[in-house]
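J.: Sharing a structure with you now.
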Amino acid sequence: MESWRLVWRDGFVPVVSTAGLEALRDALQADDSRLTQGSTTTPPPLMCVQDWPVEAACALGFCGWQGENLETVGEVEEFFARLCFEADQRLGEPAACRWFLNWFDDTPRDEMRQELLNEVQRALVERLPIDRVAPAAETIKNTSEVAAA
């Protein structure tokens, strides 16, 4: 398996919310121009613009911006840094996140979109039974009543 894919699957997917993955999926499908390569955010994450609204973001930043409703450059940059730190910790390698980040930035856009879309959809399918399938409250109540009888 390619290094970028391993980092995505084992480093990032476990810490990105379902809402973040869904937002990224939609952006990849639509070729959303707000999904950018080569930078974390637009405007760039400089101290003087930390409170400015985000206009565009990389794949990870997009998950926070659109999936977690983060608004400012500073919020998205902090989210990005946290995800990278957590991925490195999960993988047990300093700067392991670079394998995904370099691939994302350097791969031609159409190829990146298709390959990453496949990965995002895979992650969402694997997550569906956990996030989306929950017994209705009435079913839980009825089961408890039967068990008590």
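Scheme for the structure tokens: letters A, B, ... for chains in order shown; per-chain residue numbers from 1; ligand numbers from 1 in order shown.
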Chain A: which residues are alpha helix (DSSP H) by DSSP, as a PyMOL selection string?

T.: chain A and resi 3-6+18-30+59-67+73-91+98-106+109-131+137-148

J.: For segment 24-28 of chain A, work out the shell of residues within 12 Å, counting only C-alpha atoms and skipping chain neighbours fewer than 5 positions away, then give it as number ranges by chain.

T.: A: 13, 16-19, 33-36, 56-68, 109-125

J.: Which residue is closest to Trp8 of chain A? Choose from A:Pro108, A:Cys84, A:Glu126, A:Ala23 and count only C-alpha atoms.

T.: A:Cys84

J.: I want to know what sits within 12 Å of Gly92 of chain A, based on only C-alpha atoms, with residues of the same chain fewer than 5 positions away left out; could you give that as a PyMOL selection string?

T.: chain A and resi 7+10-11+85-87+97

J.: To one decimal in Å, tell me the separation between atom CA of Val73 of chain A and atom CA of Thr40 of chain A.

T.: 9.2 Å

J.: Can you measure atom CA of Val54 of chain A to atom CA of Arg98 of chain A for me? One decimal in Å is fine.

T.: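 Going from atom CA of Val54 of chain A over to atom CA of Arg98 of chain A covers 22.6 Å.
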
J.: Could you give me the residues within segment 2-110 of chain A that DSSP places in strand (DSSP E or B), as a list in words?

T.: Leu35, Thr41, Thr42, Pro53, Ala56, Ala57 and Thr72 of chain A

J.: May I have the residues from that selection written out with C-alpha atoms, as a compact mmCIF listing (two decimals), in the first residue's frame?

T.:
```txt
# COMPACT_ATOMS: atom_id res chain seq x y z
CA LEU A 35 -10.48 22.73 -1.95
CA THR A 41 -5.74 27.76 4.01
CA THR A 42 -6.49 30.80 1.92
CA PRO A 53 -12.56 34.03 7.53
CA ALA A 56 -10.35 27.85 0.84
CA ALA A 57 -8.48 24.97 2.48
CA THR A 72 -11.26 31.57 10.93
```

J.: Restricting the calculation to only C-alpha atoms, which member of A:Glu78, A:Asp105, A:Phe100, A:Glu71 is positioned closest to Ser3 of chain A?

T.: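 Between A:Glu78, A:Asp105, A:Phe100, A:Glu71, the residue approaching Ser3 of chain A most closely is A:Phe100.
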
J.: As an exercise, work out the distance from atom CA of Phe79 of chain A to atom CA of Arg127 of chain A in Å and give it to one decimal place.

T.: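 We find that atom CA of Phe79 of chain A and atom CA of Arg127 of chain A lie 21.3 Å from each other.
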